[in-house]
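Working notes, beginning with the structure itself.
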2 protein chains.
Amino acid sequence: MALPREYTGQNCSAARALEVVGERWTLLIVRDALYGVRRFTDFQAHLDIPRAVLADRLGALVESGVLERVRGATGRGHDYVLTDKGIELWPIVRSLSMWGEQFYPSDKGVHRFYTHTGCDAELDVNGRCTKCGQSVPAADVTVVPGPALRGQNARTDPVSRALAAPHRLLEPLTIG
Amino acid sequence: MALPREYTGQNCSAARALEVVGERWTLLIVRDALYGVRRFTDFQAHLDIPRAVLADRLGALVESGVLERVRGATGRGHDYVLTDKGIELWPIVRSLSMWGEQFYPSDKGVHRFYTHTGCDAELDVNGRCTKCGQSVPAADVTVVPGPALRGQNARTDPVSRALAAPHRLLEPLTIG
DNA sequence: CCGCACTGGTTCAGTGAACGAACCAAATGA
DNA sequence: TCATTTGGTTCGTTCACTGAACCAGTGCGG
């Protein structure tokens with residue numbers, strides 16, 4: 001079974017959501033997918049996750065319709081691409097990330113800002129642009145790395161280096 | 001250690017948040033706390049969670065400053081009350097819950113609506129009142145049970161019965 | 001003041017999941 | 001043809017979750 005741990009008997013939509021994305025690593029995989037990561041190897045390099053667990057989680061996410069597995073754009077391998085259902089997980093990732101940023105700040109400063117692509121203004125915790133006031137959909141978000149990602153204790157794998165530049169959410173990363 | 005599973009090396013605020021609330025059961029405990037559950041026994045009855053795990057999670061949440069353990073209002077036992085840091089988890093619980101409601105609807109209808117207490121209008125996925133447009137803080141949310149909670153397959157424990165009536169978020173439940 | 005029930009735990013054996021290293025196979029491409 | 005890239009699978013060890021049983025402090029009735 002793809003979801004070996006269930007919250008049976010919980011007559012609750014939060015529990016249903018957690019059955020899909022509540023397992024260890026799953027939401028970090030979705031976060032990376034929102035950031036543009038698409039290849040098995042890239043998830044693995046960026047997350048330091050055991051390969052068996054990654055294979056299991058990717059399979060479960062495809063099974064549940066959050067990701068889709070397509071032929072790789074470069075000819076080799078596959079791409080794991082977010083479906084609309086997966087993109088709708090963005091508010092969850094955003095609120096998690098902003099809660100962590102608020103209560104566990106790095107001494108080096110902010111990790112990442114989320115900005116409204118047109119306005120260049122930050123989003124608030126509810127996903128509203130602090131300049132124009134609109135609720136910003138995932139496709140209109142630009143992720144801007146903060147000072148905490150530039151220090152010497154930053155990760156040096158290719159994915160982390162690609163994520164150290166500002167980039168549009170959902171756009172495939174160009175791994176250098 | 002209170003958090004036996006860490007995401008070490010993840011230079012990311014979402015990972016830090018998941019270290020605190022990412023373990024199995026933890027977010028369901030926070031959800032219940034937002035709904036007004038405060039007693040060990042009530043969490044246990046409502047969640048069907050092993051007592052050892054519940055004790056571990058409550059201890060970890062107190063340790064991390066999400067809950068506070070205070071003398072029970074009724075004279076006996078303790079109350080686990082959300083801190084401000086814990087109340088700030090509401091956007092996470094809300095977005096999880098609404099994602100689950102959107103993609104895993106019950107055939108009996110909606111489980112719960114979240115409404116703006118003054119307006120009696122529903123919140124959207126970003127926590128804005130669909131009538132007045134404001135971003136609604138947790139304290140101004142009223143939870144209205146939907147048809148899916150009223151059927152014959154609803155849970156019958158005292159906590160579930162108390163939650164089957166509309167109630168204000170954060171206000172202590174009166175268990176009948 | 002004694003004993004009982006309520007509350008909030010802890011302990012323990014059995015099971016299942018995560019970890020990390022090694023191995024494997026299909027497909028490109030030199 | 002053979003090496004490399006990619007995306008896995010296998011397997012032994014470790015660790016966490018489960019469920020049942022046991023335990024201790026506190027109020028309260030008698």
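A note on labels: chains of the structure tokens are A, B, ... as shown, every chain counts residues from 1, and ligands are counted from 1 in their shown order.
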
Which residues of chain A have any atom within 9 Å of an atom in chain D when counting only C-alpha atoms (C1' of nucleotides), and what is the closest pair of atoms for each, with the distance in Å to one decimal? Order the rows by chain and rising number and write it as CSV.
residue,atom,partner,partner_atom,distance
A:Phe40,CA,D:DG7,C1',6.9
A:Thr41,CA,D:DT6,C1',7.5
A:Arg51,CA,D:DG8,C1',8.0
A:Ala52,CA,D:DT9,C1',7.7
A:Ala55,CA,D:DG8,C1',7.3
A:Arg76,CA,D:DT6,C1',7.3
A:Gly77,CA,D:DT6,C1',5.8
A:His78,CA,D:DG7,C1',8.5

Go ahead and save the picked residues with N, CA and C atoms, as a short mmCIF file (atom, residue, chain, number, x, y, z; two decimals), in the first residue's frame.
data_model
loop_
_atom_site.label_atom_id
_atom_site.label_comp_id
_atom_site.auth_asym_id
_atom_site.auth_seq_id
_atom_site.Cartn_x
_atom_site.Cartn_y
_atom_site.Cartn_z
N PHE A 40 14.71 12.79 -10.23
CA PHE A 40 15.00 11.93 -9.08
C PHE A 40 16.35 12.29 -8.46
N THR A 41 17.34 12.39 -9.30
CA THR A 41 18.70 12.66 -8.83
C THR A 41 18.79 14.00 -8.11
N ARG A 51 17.53 6.76 -0.92
CA ARG A 51 16.94 6.57 -2.25
C ARG A 51 15.67 5.73 -2.19
N ALA A 52 15.66 4.74 -1.31
CA ALA A 52 14.47 3.90 -1.22
C ALA A 52 13.27 4.70 -0.75
N ALA A 55 12.09 7.01 -3.62
CA ALA A 55 11.34 6.27 -4.63
C ALA A 55 9.93 5.98 -4.13
N ARG A 76 16.80 11.91 -21.41
CA ARG A 76 17.07 10.83 -20.48
C ARG A 76 16.15 10.91 -19.27
N GLY A 77 15.86 9.73 -18.74
CA GLY A 77 15.15 9.66 -17.47
C GLY A 77 13.76 10.25 -17.50
N HIS A 78 13.25 10.62 -16.31
CA HIS A 78 11.90 11.14 -16.20
C HIS A 78 11.90 12.50 -15.51
#

Query raised in the report: Per DSSP on the backbone, what are the helix (DSSP H, G or I) residues of range 29-160 of chain B, as a ChimeraX atom specification?
Result: /B:29-34,40-47,51-63,84-87,90-103,138-140,147-149,158-160

Using 9 Å as the limit and counting only C-alpha atoms (C1' of nucleotides), can you tabulate each residue of chain C that touches chain B, with its shortest atom-to-atom distance in Å and the two atoms involved, as JSON lines?
{"residue": "C:DC6", "atom": "C1'", "partner": "B:Arg76", "partner_atom": "CA", "distance": 8.5}
{"residue": "C:DT7", "atom": "C1'", "partner": "B:Gly77", "partner_atom": "CA", "distance": 5.8}
{"residue": "C:DG8", "atom": "C1'", "partner": "B:Phe40", "partner_atom": "CA", "distance": 6.9}
{"residue": "C:DG9", "atom": "C1'", "partner": "B:Ala55", "partner_atom": "CA", "distance": 7.2}
{"residue": "C:DT10", "atom": "C1'", "partner": "B:Ala52", "partner_atom": "CA", "distance": 7.8}

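Using only C-alpha atoms, we find that the part of chain A lying within 7 Å of chain B comprises Cys12, Ser13, Ala14, Arg16, Ala17, Pro91, Ile92, Ser95, Leu96, Ser97, Trp99, Gly100, Glu101, His111, Asn126 and Gly127 of chain A.
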
Requested in this report: Write down as a PyMOL selection string the residues belonging to chain A that are assigned strand (DSSP E or B) by DSSP computed on the backbone.
Outcome: chain A and resi 67-71+78-82+106+109+112-116+122-123+128-129+135+141-145+167-168

Mind writing the picked residues with N, CA and C atoms as a CSV table (one decimal), in the first residue's frame?
chain,number,residue,atom,x,y,z
A,67,LEU,N,1.9,14.5,-8.2
A,67,LEU,CA,2.9,14.6,-9.2
A,67,LEU,C,2.5,13.8,-10.4
A,68,GLU,N,3.1,14.1,-11.6
A,68,GLU,CA,3.0,13.3,-12.8
A,68,GLU,C,4.3,13.0,-13.2
A,69,ARG,N,4.5,11.7,-13.7
A,69,ARG,CA,5.8,11.3,-14.2
A,69,ARG,C,5.8,11.3,-15.7
A,70,VAL,N,6.6,12.2,-16.3
A,70,VAL,CA,6.7,12.3,-17.7
A,70,VAL,C,8.1,12.0,-18.2
A,71,ARG,N,8.2,11.7,-19.5
A,71,ARG,CA,9.5,11.5,-20.2
A,71,ARG,C,10.3,12.8,-19.9
A,78,HIS,N,13.3,10.6,-16.3
A,78,HIS,CA,11.9,11.1,-16.2
A,78,HIS,C,11.9,12.5,-15.5
A,79,ASP,N,10.8,13.2,-15.7
A,79,ASP,CA,10.6,14.4,-14.9
A,79,ASP,C,9.3,14.2,-14.0
A,80,TYR,N,9.4,14.6,-12.8
A,80,TYR,CA,8.3,14.6,-11.9
A,80,TYR,C,7.7,16.0,-11.9
A,81,VAL,N,6.5,16.2,-12.4
A,81,VAL,CA,6.0,17.5,-12.6
A,81,VAL,C,4.7,17.6,-11.7
A,82,LEU,N,4.5,18.8,-11.0
A,82,LEU,CA,3.4,19.0,-10.2
A,82,LEU,C,2.1,19.1,-11.1
A,106,SER,N,17.2,32.4,11.4
A,106,SER,CA,18.6,32.1,11.4
A,106,SER,C,19.3,33.4,11.9
A,109,GLY,N,20.1,35.8,9.1
A,109,GLY,CA,19.1,36.6,8.5
A,109,GLY,C,18.1,35.6,7.8
A,112,ARG,N,14.6,32.8,2.8
A,112,ARG,CA,14.0,33.2,1.5
A,112,ARG,C,12.8,34.2,1.7
A,113,PHE,N,12.7,35.1,0.8
A,113,PHE,CA,11.5,35.9,0.7
A,113,PHE,C,10.6,35.3,-0.4
A,114,TYR,N,9.3,35.5,-0.2
A,114,TYR,CA,8.4,35.2,-1.3
A,114,TYR,C,7.8,36.6,-1.7
A,115,THR,N,7.9,36.9,-3.0
A,115,THR,CA,7.5,38.2,-3.5
A,115,THR,C,6.5,38.0,-4.6
A,116,HIS,N,5.6,39.0,-4.8
A,116,HIS,CA,4.7,39.0,-5.9
A,116,HIS,C,5.5,39.5,-7.2
A,122,GLU,N,6.8,41.8,-0.7
A,122,GLU,CA,6.7,40.5,-0.1
A,122,GLU,C,5.3,40.1,0.1
A,123,LEU,N,5.1,38.7,0.3
A,123,LEU,CA,3.8,38.2,0.6
A,123,LEU,C,3.7,38.2,2.2
A,128,ARG,N,-1.0,37.2,0.7
A,128,ARG,CA,-1.4,38.5,0.1
A,128,ARG,C,-0.1,39.3,-0.2
A,129,CYS,N,-0.1,40.0,-1.3
A,129,CYS,CA,0.9,40.9,-1.7
A,129,CYS,C,0.8,42.1,-0.8
A,135,SER,N,-4.4,38.3,-3.4
A,135,SER,CA,-4.0,36.9,-3.1
A,135,SER,C,-3.2,36.4,-4.3
A,141,VAL,N,4.5,33.9,-8.0
A,141,VAL,CA,5.4,34.1,-6.9
A,141,VAL,C,6.9,34.0,-7.4
A,142,THR,N,7.7,34.9,-6.9
A,142,THR,CA,9.1,34.8,-7.2
A,142,THR,C,9.8,34.6,-5.8
A,143,VAL,N,10.7,33.6,-5.8
A,143,VAL,CA,11.4,33.2,-4.6
A,143,VAL,C,12.8,34.0,-4.6
A,144,VAL,N,13.0,34.7,-3.6
A,144,VAL,CA,14.3,35.5,-3.5
A,144,VAL,C,15.1,35.0,-2.3
A,145,PRO,N,16.2,34.4,-2.6
A,145,PRO,CA,17.0,33.9,-1.5
A,145,PRO,C,17.5,35.0,-0.6
A,167,HIS,N,14.2,33.1,-8.4
A,167,HIS,CA,13.6,32.3,-9.5
A,167,HIS,C,12.1,32.3,-9.3
A,168,ARG,N,11.4,32.1,-10.4
A,168,ARG,CA,9.9,32.0,-10.4
A,168,ARG,C,9.5,30.6,-9.9

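Using only C-alpha atoms, the smallest distance between any of A:Ala138, A:Leu170, A:Ile175, A:Ala73 and Asp157 in chain A comes from A:Ile175.
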